[in-house]
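Raw contents of coords-v2.pdb, PDB, C-alpha atoms:
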ATOM      1  CA  ASP V   1      80.660 103.358 109.622
ATOM      2  CA  ALA V   2      82.397 106.676 109.110
ATOM      3  CA  LYS V   3      84.846 106.880 106.243
ATOM      4  CA  THR V   4      88.531 107.338 107.016
ATOM      5  CA  THR V   5      91.244 109.005 104.955
ATOM      6  CA  GLN V   6      94.919 108.163 105.326
ATOM      7  CA  PRO V   7      98.038 109.057 103.332
ATOM      8  CA  THR V   8      98.992 106.352 100.889
ATOM      9  CA  SER V   9     102.553 106.042 102.125
ATOM     10  CA  MET V  10     105.046 107.458 104.613
ATOM     11  CA  ASP V  11     108.729 107.045 105.429
ATOM     12  CA  CYS V  12     110.294 107.188 108.873
ATOM     13  CA  ALA V  13     113.894 106.913 110.003
ATOM     14  CA  GLU V  14     114.711 104.022 112.305
ATOM     15  CA  GLY V  15     114.674 105.098 115.953
ATOM     16  CA  ARG V  16     112.526 108.139 115.301
ATOM     17  CA  ALA V  17     108.851 108.520 116.125
ATOM     18  CA  ALA V  18     106.420 107.583 113.388
ATOM     19  CA  ASN V  19     103.271 109.711 113.344
ATOM     20  CA  LEU V  20     100.499 108.301 111.187
ATOM     21  CA  PRO V  21      97.511 110.588 110.632
ATOM     22  CA  CYS V  22      93.923 109.628 109.965
ATOM     23  CA  ASN V  23      90.968 111.830 109.113
ATOM     24  CA  HIS V  24      87.486 110.708 110.110
ATOM     25  CA  SER V  25      85.523 113.931 109.823
ATOM     26  CA  THR V  26      82.123 112.200 109.704
ATOM     27  CA  ILE V  27      82.681 110.181 112.867
ATOM     28  CA  SER V  28      79.702 109.846 115.190
ATOM     29  CA  GLY V  29      79.769 110.206 118.950
ATOM     30  CA  ASN V  30      79.578 106.474 119.579
ATOM     31  CA  GLU V  31      82.175 105.368 117.034
ATOM     32  CA  TYR V  32      85.507 104.002 118.187
ATOM     33  CA  VAL V  33      88.765 104.515 116.294
ATOM     34  CA  TYR V  34      90.793 101.335 115.774
ATOM     35  CA  TRP V  35      94.284 100.884 114.376
ATOM     36  CA  TYR V  36      95.570  97.678 112.866
ATOM     37  CA  ARG V  37      98.714  96.952 110.922
ATOM     38  CA  GLN V  38      99.593  94.270 108.417
ATOM     39  CA  ILE V  39     103.108  93.096 107.865
ATOM     40  CA  HIS V  40     103.754  91.504 104.503
ATOM     41  CA  SER V  41     102.144  88.063 104.139
ATOM     42  CA  GLN V  42     100.623  88.111 107.623
ATOM     43  CA  GLY V  43      97.132  88.740 108.941
ATOM     44  CA  PRO V  44      96.265  92.184 110.345
ATOM     45  CA  GLN V  45      97.500  92.809 113.889
ATOM     46  CA  TYR V  46      95.564  94.841 116.442
ATOM     47  CA  ILE V  47      97.450  97.876 117.731
ATOM     48  CA  ILE V  48      95.161 100.126 119.755
ATOM     49  CA  HIS V  49      91.710 101.660 119.878
ATOM     50  CA  GLY V  50      90.021 104.630 121.543
ATOM     51  CA  LEU V  51      86.782 106.594 121.792
ATOM     52  CA  LYS V  52      87.520 110.060 123.135
ATOM     53  CA  ASN V  53      90.582 109.989 125.333
ATOM     54  CA  ASN V  54      94.144 109.490 124.225
ATOM     55  CA  GLU V  55      95.322 105.941 124.733
ATOM     56  CA  THR V  56      98.715 104.325 125.185
ATOM     57  CA  ASN V  57      99.822 100.719 125.298
ATOM     58  CA  GLU V  58     103.065  98.819 124.859
ATOM     59  CA  MET V  59     102.930  99.200 121.096
ATOM     60  CA  ALA V  60     101.784 102.742 120.430
ATOM     61  CA  SER V  61      99.923 105.862 121.464
ATOM     62  CA  LEU V  62      96.671 107.100 119.972
ATOM     63  CA  ILE V  63      95.976 110.809 119.988
ATOM     64  CA  ILE V  64      92.394 111.799 119.182
ATOM     65  CA  THR V  65      91.577 115.456 118.573
ATOM     66  CA  GLU V  66      89.011 117.106 120.805
ATOM     67  CA  ASP V  67      86.445 117.259 117.993
ATOM     68  CA  ARG V  68      87.272 113.598 117.177
ATOM     69  CA  LYS V  69      87.511 114.348 113.482
ATOM     70  CA  SER V  70      91.076 113.122 113.242
ATOM     71  CA  SER V  71      93.580 111.010 115.094
ATOM     72  CA  THR V  72      97.263 110.162 115.030
ATOM     73  CA  LEU V  73      98.919 106.860 115.743
ATOM     74  CA  ILE V  74     102.374 107.304 117.234
ATOM     75  CA  LEU V  75     105.054 104.646 117.221
ATOM     76  CA  PRO V  76     107.553 106.260 119.614
ATOM     77  CA  HIS V  77     110.735 104.564 118.407
ATOM     78  CA  ALA V  78     110.188 102.984 115.012
ATOM     79  CA  THR V  79     112.178  99.889 114.106
ATOM     80  CA  LEU V  80     112.622  98.137 110.785
ATOM     81  CA  ARG V  81     110.065  95.556 111.927
ATOM     82  CA  ASP V  82     107.429  98.290 112.077
ATOM     83  CA  THR V  83     107.438  98.482 108.273
ATOM     84  CA  ALA V  84     103.844  97.552 107.402
ATOM     85  CA  VAL V  85     100.504  98.820 106.111
ATOM     86  CA  TYR V  86      98.640 100.651 108.862
ATOM     87  CA  TYR V  87      94.841 100.748 108.806
ATOM     88  CA  CYS V  88      92.692 103.299 110.621
ATOM     89  CA  ILE V  89      89.105 102.118 111.078
ATOM     90  CA  VAL V  90      86.090 103.599 112.816
ATOM     91  CA  ARG V  91      83.439 101.297 114.189
ATOM     92  CA  VAL V  92      80.075 101.911 115.820
ATOM     93  CA  SER V  93      79.839 100.967 119.466
ATOM     94  CA  ASN V  94      77.065  98.717 120.677
ATOM     95  CA  ASN V  95      76.450  97.558 117.147
ATOM     96  CA  TYR V  96      76.424  93.873 117.767
ATOM     97  CA  GLY V  97      79.104  92.205 115.796
ATOM     98  CA  GLN V  98      79.592  94.748 113.069
ATOM     99  CA  ASN V  99      82.578  94.014 110.913
ATOM    100  CA  PHE V 100      85.506  96.309 110.260
ATOM    101  CA  VAL V 101      85.605  98.217 106.985
ATOM    102  CA  PHE V 102      89.236  98.460 105.911
ATOM    103  CA  GLY V 103      90.460 101.147 103.531
ATOM    104  CA  PRO V 104      93.745 100.916 101.632
ATOM    105  CA  GLY V 105      95.735 102.107 104.683
ATOM    106  CA  THR V 106      99.131 103.832 104.924
ATOM    107  CA  ARG V 107     102.220 101.960 103.831
ATOM    108  CA  LEU V 108     104.899 102.891 106.393
ATOM    109  CA  SER V 109     108.492 102.259 105.438
ATOM    110  CA  VAL V 110     111.014 102.475 108.270
ATOM    111  CA  LEU V 111     114.397 103.279 106.783
ATOM    112  CA  PRO V 112     117.777 102.359 108.311
TER     113      PRO V 112
ATOM    114  CA  GLY L   1      98.275  81.365 124.180
ATOM    115  CA  ALA L   2      97.401  80.023 120.765
ATOM    116  CA  GLY L   3      96.154  82.503 118.225
ATOM    117  CA  VAL L   4      93.795  82.069 115.328
ATOM    118  CA  SER L   5      94.946  79.341 112.982
ATOM    119  CA  GLN L   6      93.926  78.697 109.395
ATOM    120  CA  THR L   7      94.446  75.708 107.150
ATOM    121  CA  PRO L   8      95.688  75.213 104.569
ATOM    122  CA  SER L   9      98.113  78.096 104.311
ATOM    123  CA  ASN L  10      98.076  77.788 100.531
ATOM    124  CA  LYS L  11      95.558  76.196  98.213
ATOM    125  CA  VAL L  12      95.820  75.880  94.459
ATOM    126  CA  THR L  13      92.761  74.614  92.635
ATOM    127  CA  GLU L  14      91.431  74.446  89.118
ATOM    128  CA  LYS L  15      88.582  76.587  87.892
ATOM    129  CA  GLY L  16      85.261  74.932  88.638
ATOM    130  CA  LYS L  17      86.461  72.902  91.609
ATOM    131  CA  TYR L  18      85.119  73.015  95.171
ATOM    132  CA  VAL L  19      87.302  74.170  98.082
ATOM    133  CA  GLU L  20      87.019  74.321 101.851
ATOM    134  CA  LEU L  21      89.023  76.649 104.044
ATOM    135  CA  ARG L  22      89.236  76.072 107.786
ATOM    136  CA  CYS L  23      89.529  78.501 110.683
ATOM    137  CA  ASP L  24      90.306  77.639 114.315
ATOM    138  CA  PRO L  25      89.520  80.679 116.465
ATOM    139  CA  ILE L  26      91.020  81.557 119.814
ATOM    140  CA  SER L  27      89.510  79.350 122.503
ATOM    141  CA  GLY L  28      86.554  81.010 124.189
ATOM    142  CA  HIS L  29      85.962  83.578 121.471
ATOM    143  CA  THR L  30      82.296  83.628 120.560
ATOM    144  CA  ALA L  31      82.552  85.863 117.498
ATOM    145  CA  LEU L  32      84.192  84.761 114.253
ATOM    146  CA  TYR L  33      84.681  86.725 111.048
ATOM    147  CA  TRP L  34      85.777  85.887 107.514
ATOM    148  CA  TYR L  35      87.425  88.460 105.246
ATOM    149  CA  ARG L  36      88.913  88.322 101.763
ATOM    150  CA  GLN L  37      91.931  90.343 100.705
ATOM    151  CA  SER L  38      93.002  90.957  97.146
ATOM    152  CA  LEU L  39      96.490  92.123  96.280
ATOM    153  CA  GLY L  40      97.153  95.721  97.284
ATOM    154  CA  GLN L  41      93.820  96.198  99.015
ATOM    155  CA  GLY L  42      92.560  96.091 102.572
ATOM    156  CA  PRO L  43      90.581  93.100 103.831
ATOM    157  CA  GLU L  44      86.949  92.928 102.709
ATOM    158  CA  PHE L  45      84.288  91.567 105.045
ATOM    159  CA  LEU L  46      82.487  88.362 104.043
ATOM    160  CA  ILE L  47      80.552  86.921 106.995
ATOM    161  CA  TYR L  48      80.273  87.133 110.783
ATOM    162  CA  PHE L  49      79.254  84.369 113.210
ATOM    163  CA  GLN L  50      78.058  84.846 116.750
ATOM    164  CA  GLY L  51      78.183  81.370 118.224
ATOM    165  CA  THR L  52      76.861  78.883 115.705
ATOM    166  CA  GLY L  53      74.738  81.281 113.693
ATOM    167  CA  ALA L  54      75.674  83.629 110.889
ATOM    168  CA  ALA L  55      74.684  87.029 112.283
ATOM    169  CA  ASP L  56      75.713  88.930 109.148
ATOM    170  CA  ASP L  57      76.459  87.352 105.766
ATOM    171  CA  SER L  58      76.015  90.525 103.741
ATOM    172  CA  GLY L  59      79.578  90.410 102.442
ATOM    173  CA  LEU L  60      79.349  87.054 100.697
ATOM    174  CA  PRO L  61      79.702  87.901  96.989
ATOM    175  CA  ASN L  62      77.281  85.286  95.631
ATOM    176  CA  ASP L  63      75.676  81.943  96.387
ATOM    177  CA  ARG L  64      78.838  80.011  95.507
ATOM    178  CA  PHE L  65      80.188  81.091  98.885
ATOM    179  CA  PHE L  66      78.947  79.493 102.100
ATOM    180  CA  ALA L  67      80.303  79.205 105.626
ATOM    181  CA  VAL L  68      79.421  77.128 108.667
ATOM    182  CA  ARG L  69      80.331  77.024 112.321
ATOM    183  CA  PRO L  70      78.342  74.024 113.604
ATOM    184  CA  GLU L  71      79.673  73.861 117.167
ATOM    185  CA  GLY L  72      80.439  77.510 117.711
ATOM    186  CA  SER L  73      84.183  77.076 117.411
ATOM    187  CA  VAL L  74      85.834  75.922 114.164
ATOM    188  CA  SER L  75      84.463  77.463 110.997
ATOM    189  CA  THR L  76      84.695  76.346 107.389
ATOM    190  CA  LEU L  77      84.368  78.639 104.391
ATOM    191  CA  LYS L  78      83.166  76.736 101.346
ATOM    192  CA  ILE L  79      83.456  77.900  97.765
ATOM    193  CA  GLN L  80      81.705  76.024  94.967
ATOM    194  CA  ARG L  81      82.562  76.172  91.263
ATOM    195  CA  THR L  82      85.603  78.308  91.883
ATOM    196  CA  GLU L  83      86.470  81.075  89.448
ATOM    197  CA  ARG L  84      89.792  82.782  88.770
ATOM    198  CA  GLY L  85      88.391  85.926  90.382
ATOM    199  CA  ASP L  86      88.108  84.075  93.680
ATOM    200  CA  SER L  87      91.901  84.064  93.956
ATOM    201  CA  ALA L  88      92.782  86.008  97.097
ATOM    202  CA  VAL L  89      93.942  85.629 100.681
ATOM    203  CA  TYR L  90      91.070  84.541 102.911
ATOM    204  CA  LEU L  91      91.432  85.816 106.460
ATOM    205  CA  CYS L  92      89.657  84.650 109.569
ATOM    206  CA  ALA L  93      89.381  86.680 112.778
ATOM    207  CA  SER L  94      87.838  86.030 116.167
ATOM    208  CA  SER L  95      86.917  88.220 119.108
ATOM    209  CA  LEU L  96      85.800  87.511 122.650
ATOM    210  CA  ARG L  97      82.381  88.963 121.906
ATOM    211  CA  GLY L  98      80.776  90.554 118.901
ATOM    212  CA  GLY L  99      80.680  94.321 118.578
ATOM    213  CA  THR L 100      82.772  97.084 120.085
ATOM    214  CA  PRO L 101      84.990  97.551 121.924
ATOM    215  CA  TYR L 102      86.233  93.995 121.405
ATOM    216  CA  GLU L 103      89.192  93.849 119.088
ATOM    217  CA  GLN L 104      89.441  91.191 116.408
ATOM    218  CA  TYR L 105      92.426  88.858 116.264
ATOM    219  CA  PHE L 106      93.351  87.698 112.790
ATOM    220  CA  GLY L 107      94.825  84.455 111.551
ATOM    221  CA  PRO L 108      97.620  84.277 108.950
ATOM    222  CA  GLY L 109      95.190  83.630 106.131
ATOM    223  CA  THR L 110      94.796  81.036 103.395
ATOM    224  CA  ARG L 111      96.119  82.040  99.988
ATOM    225  CA  LEU L 112      93.736  80.630  97.382
ATOM    226  CA  THR L 113      94.858  80.460  93.772
ATOM    227  CA  VAL L 114      92.378  79.381  91.120
ATOM    228  CA  THR L 115      94.042  78.380  87.851
TER     229      THR L 115
END

Written as structure tokens, how would this file's structure read?
Amino acid sequence: DAKTTQPTSMDCAEGRAANLPCNHSTISGNEYVYWYRQIHSQGPQYIIHGLKNNETNEMASLIITEDRKSSTLILPHATLRDTAVYYCIVRVSNNYGQNFVFGPGTRLSVLP
Amino acid sequence: GAGVSQTPSNKVTEKGKYVELRCDPISGHTALYWYRQSLGQGPEFLIYFQGTGAADDSGLPNDRFFAVRPEGSVSTLKIQRTERGDSAVYLCASSLRGGTPYEQYFGPGTRLTVT
């Protein structure tokens, strides 16, 4: 799996958009980008994933650059409950059952 | 619907003892994963099951660790002769199928403390 690089920590004001960057410059053409988050003392929670196109769901938007070497997770209106560690992971498609390789992630603090 | 459940939520054991950790995946999910998470770090892969068989056990740290999934649903992670370094949160995840693009759904974890 390609290696990802994320900032160690970020702050965001409540109600504002949180933009979490991720670099994956060695990503291959068949590797998906996944985002998970982990709230203190809970298991990781799936947020969104994408291959080439930008994606949006009820939780967030995922913006992938045209060269696919980086992406940004956007939480449009951050709340205090969005305070968590956010993990960006790349994973090979059609690789039967390959596990996720988690890095240290970005610790997002949403401030009142 | 019900998510992934894990029991116990907390387990304290003495060094050298044997422990079993249980995972109940989401109904109908054929793939099941075990991870271990130490304080301040991301989860670390241990083993992956597709159905009843262990498709990838490359993450198990040594032969004291073993996992089973005899009927393709519930899985048990077994640790023999526990050591203080085994203290961590053990996470279980399941997905509808193995591989991409299926997302993994995680349980709350079992916090193991070896004294």

Where does the ChimeraX specification (/L :<12) & /V land in this file, that is, which residues does it pick, as a PyMOL selection string?
chain V and resi 8+30-51+85-107

Atoms kept (C-alpha atoms) for selection, written as an mmCIF file, keeping the file's coordinate frame:
data_model
loop_
_atom_site.group_PDB
_atom_site.id
_atom_site.type_symbol
_atom_site.label_atom_id
_atom_site.label_comp_id
_atom_site.auth_asym_id
_atom_site.auth_seq_id
_atom_site.Cartn_x
_atom_site.Cartn_y
_atom_site.Cartn_z
ATOM 1 C CA THR V 8 98.992 106.352 100.889
ATOM 2 C CA ASN V 30 79.578 106.474 119.579
ATOM 3 C CA GLU V 31 82.175 105.368 117.034
ATOM 4 C CA TYR V 32 85.507 104.002 118.187
ATOM 5 C CA VAL V 33 88.765 104.515 116.294
ATOM 6 C CA TYR V 34 90.793 101.335 115.774
ATOM 7 C CA TRP V 35 94.284 100.884 114.376
ATOM 8 C CA TYR V 36 95.570 97.678 112.866
ATOM 9 C CA ARG V 37 98.714 96.952 110.922
ATOM 10 C CA GLN V 38 99.593 94.270 108.417
ATOM 11 C CA ILE V 39 103.108 93.096 107.865
ATOM 12 C CA HIS V 40 103.754 91.504 104.503
ATOM 13 C CA SER V 41 102.144 88.063 104.139
ATOM 14 C CA GLN V 42 100.623 88.111 107.623
ATOM 15 C CA GLY V 43 97.132 88.740 108.941
ATOM 16 C CA PRO V 44 96.265 92.184 110.345
ATOM 17 C CA GLN V 45 97.500 92.809 113.889
ATOM 18 C CA TYR V 46 95.564 94.841 116.442
ATOM 19 C CA ILE V 47 97.450 97.876 117.731
ATOM 20 C CA ILE V 48 95.161 100.126 119.755
ATOM 21 C CA HIS V 49 91.710 101.660 119.878
ATOM 22 C CA GLY V 50 90.021 104.630 121.543
ATOM 23 C CA LEU V 51 86.782 106.594 121.792
ATOM 24 C CA VAL V 85 100.504 98.820 106.111
ATOM 25 C CA TYR V 86 98.640 100.651 108.862
ATOM 26 C CA TYR V 87 94.841 100.748 108.806
ATOM 27 C CA CYS V 88 92.692 103.299 110.621
ATOM 28 C CA ILE V 89 89.105 102.118 111.078
ATOM 29 C CA VAL V 90 86.090 103.599 112.816
ATOM 30 C CA ARG V 91 83.439 101.297 114.189
ATOM 31 C CA VAL V 92 80.075 101.911 115.820
ATOM 32 C CA SER V 93 79.839 100.967 119.466
ATOM 33 C CA ASN V 94 77.065 98.717 120.677
ATOM 34 C CA ASN V 95 76.450 97.558 117.147
ATOM 35 C CA TYR V 96 76.424 93.873 117.767
ATOM 36 C CA GLY V 97 79.104 92.205 115.796
ATOM 37 C CA GLN V 98 79.592 94.748 113.069
ATOM 38 C CA ASN V 99 82.578 94.014 110.913
ATOM 39 C CA PHE V 100 85.506 96.309 110.260
ATOM 40 C CA VAL V 101 85.605 98.217 106.985
ATOM 41 C CA PHE V 102 89.236 98.460 105.911
ATOM 42 C CA GLY V 103 90.460 101.147 103.531
ATOM 43 C CA PRO V 104 93.745 100.916 101.632
ATOM 44 C CA GLY V 105 95.735 102.107 104.683
ATOM 45 C CA THR V 106 99.131 103.832 104.924
ATOM 46 C CA ARG V 107 102.220 101.960 103.831
#

As a ChimeraX atom specification, please: the residues near Ile63 (chain V) (cut-off 9 Å, all atoms listed in the file, same-chain neighbours under 6 positions excluded).
/V:50,53-56,70-74

Residues from last step as file, C-alpha atoms, as a PDB file, in the coordinates of the input:
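Below you can see part-v5.pdb, which holds the result:
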ATOM      1  CA  GLY V  50      90.021 104.630 121.543  1.00  0.00           C
ATOM      2  CA  ASN V  53      90.582 109.989 125.333  1.00  0.00           C
ATOM      3  CA  ASN V  54      94.144 109.490 124.225  1.00  0.00           C
ATOM      4  CA  GLU V  55      95.322 105.941 124.733  1.00  0.00           C
ATOM      5  CA  THR V  56      98.715 104.325 125.185  1.00  0.00           C
ATOM      6  CA  SER V  70      91.076 113.122 113.242  1.00  0.00           C
ATOM      7  CA  SER V  71      93.580 111.010 115.094  1.00  0.00           C
ATOM      8  CA  THR V  72      97.263 110.162 115.030  1.00  0.00           C
ATOM      9  CA  LEU V  73      98.919 106.860 115.743  1.00  0.00           C
ATOM     10  CA  ILE V  74     102.374 107.304 117.234  1.00  0.00           C
TER      11      ILE V  74
END

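Interatomic distance, CA of Leu39 (chain L) to CA of Arg84 (chain L): 13.7 Å.
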
Apply the PyMOL selection byres ((chain L and resi 83) around 12) to the file shown and report the selected residues as a short mmCIF file (atom, residue, chain, number, x, y, z; two decimals) with C-alpha atoms, keeping the file's coordinate frame.
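Heads up, here's the output in out37.cif:
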data_model
loop_
_atom_site.label_atom_id
_atom_site.label_comp_id
_atom_site.auth_asym_id
_atom_site.auth_seq_id
_atom_site.Cartn_x
_atom_site.Cartn_y
_atom_site.Cartn_z
CA VAL L 12 95.82 75.88 94.46
CA THR L 13 92.76 74.61 92.64
CA GLU L 14 91.43 74.45 89.12
CA LYS L 15 88.58 76.59 87.89
CA GLY L 16 85.26 74.93 88.64
CA LYS L 17 86.46 72.90 91.61
CA TYR L 18 85.12 73.02 95.17
CA VAL L 19 87.30 74.17 98.08
CA ASN L 62 77.28 85.29 95.63
CA ARG L 64 78.84 80.01 95.51
CA PHE L 65 80.19 81.09 98.88
CA ILE L 79 83.46 77.90 97.76
CA GLN L 80 81.70 76.02 94.97
CA ARG L 81 82.56 76.17 91.26
CA THR L 82 85.60 78.31 91.88
CA ARG L 84 89.79 82.78 88.77
CA GLY L 85 88.39 85.93 90.38
CA ASP L 86 88.11 84.08 93.68
CA SER L 87 91.90 84.06 93.96
CA ALA L 88 92.78 86.01 97.10
CA LEU L 112 93.74 80.63 97.38
CA THR L 113 94.86 80.46 93.77
CA VAL L 114 92.38 79.38 91.12
CA THR L 115 94.04 78.38 87.85
#

Target residues per the PyMOL selection byres ((chain V and resi 79-82) around 10), formatted as a CSV table (one decimal) with C-alpha atoms, keeping the file's coordinate frame:
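The resulting result.csv:
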chain,number,residue,atom,x,y,z
V,12,CYS,CA,110.3,107.2,108.9
V,13,ALA,CA,113.9,106.9,110.0
V,14,GLU,CA,114.7,104.0,112.3
V,15,GLY,CA,114.7,105.1,116.0
V,16,ARG,CA,112.5,108.1,115.3
V,17,ALA,CA,108.9,108.5,116.1
V,18,ALA,CA,106.4,107.6,113.4
V,37,ARG,CA,98.7,97.0,110.9
V,38,GLN,CA,99.6,94.3,108.4
V,39,ILE,CA,103.1,93.1,107.9
V,75,LEU,CA,105.1,104.6,117.2
V,76,PRO,CA,107.6,106.3,119.6
V,77,HIS,CA,110.7,104.6,118.4
V,78,ALA,CA,110.2,103.0,115.0
V,83,THR,CA,107.4,98.5,108.3
V,84,ALA,CA,103.8,97.6,107.4
V,85,VAL,CA,100.5,98.8,106.1
V,86,TYR,CA,98.6,100.7,108.9
V,108,LEU,CA,104.9,102.9,106.4
V,109,SER,CA,108.5,102.3,105.4
V,110,VAL,CA,111.0,102.5,108.3
V,111,LEU,CA,114.4,103.3,106.8
V,112,PRO,CA,117.8,102.4,108.3

Grab region 2-14 of chain V from that structure and dump N, CA and C atoms to a file, as a short mmCIF file (atom, residue, chain, number, x, y, z; two decimals), in the first residue's frame.
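Okay, part.cif is ready:
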data_model
loop_
_atom_site.label_atom_id
_atom_site.label_comp_id
_atom_site.auth_asym_id
_atom_site.auth_seq_id
_atom_site.Cartn_x
_atom_site.Cartn_y
_atom_site.Cartn_z
N ALA V 2 0.36 2.30 -0.67
CA ALA V 2 1.09 3.56 -0.68
C ALA V 2 1.10 4.15 0.73
N LYS V 3 2.17 4.91 1.00
CA LYS V 3 2.30 5.55 2.29
C LYS V 3 1.55 6.87 2.25
N THR V 4 0.95 7.24 3.36
CA THR V 4 0.25 8.52 3.46
C THR V 4 0.93 9.39 4.50
N THR V 5 0.82 10.70 4.30
CA THR V 5 1.36 11.69 5.22
C THR V 5 0.26 12.66 5.59
N GLN V 6 0.07 12.84 6.89
CA GLN V 6 -0.95 13.76 7.39
C GLN V 6 -0.34 14.65 8.46
N PRO V 7 -0.88 15.86 8.63
CA PRO V 7 -0.41 16.69 9.76
C PRO V 7 -0.77 16.01 11.07
N THR V 8 0.07 16.24 12.06
CA THR V 8 -0.14 15.59 13.35
C THR V 8 -1.42 16.07 14.02
N SER V 9 -1.67 17.37 13.94
CA SER V 9 -2.84 17.92 14.61
C SER V 9 -3.34 19.15 13.88
N MET V 10 -4.64 19.45 14.10
CA MET V 10 -5.26 20.64 13.53
C MET V 10 -6.35 21.12 14.47
N ASP V 11 -6.61 22.42 14.44
CA ASP V 11 -7.74 23.00 15.17
C ASP V 11 -8.73 23.56 14.17
N CYS V 12 -10.00 23.57 14.57
CA CYS V 12 -11.05 24.14 13.73
C CYS V 12 -12.10 24.75 14.65
N ALA V 13 -12.62 25.91 14.27
CA ALA V 13 -13.66 26.53 15.05
C ALA V 13 -15.00 25.85 14.78
N GLU V 14 -15.78 25.69 15.82
CA GLU V 14 -17.10 25.07 15.69
C GLU V 14 -17.93 25.83 14.66
#
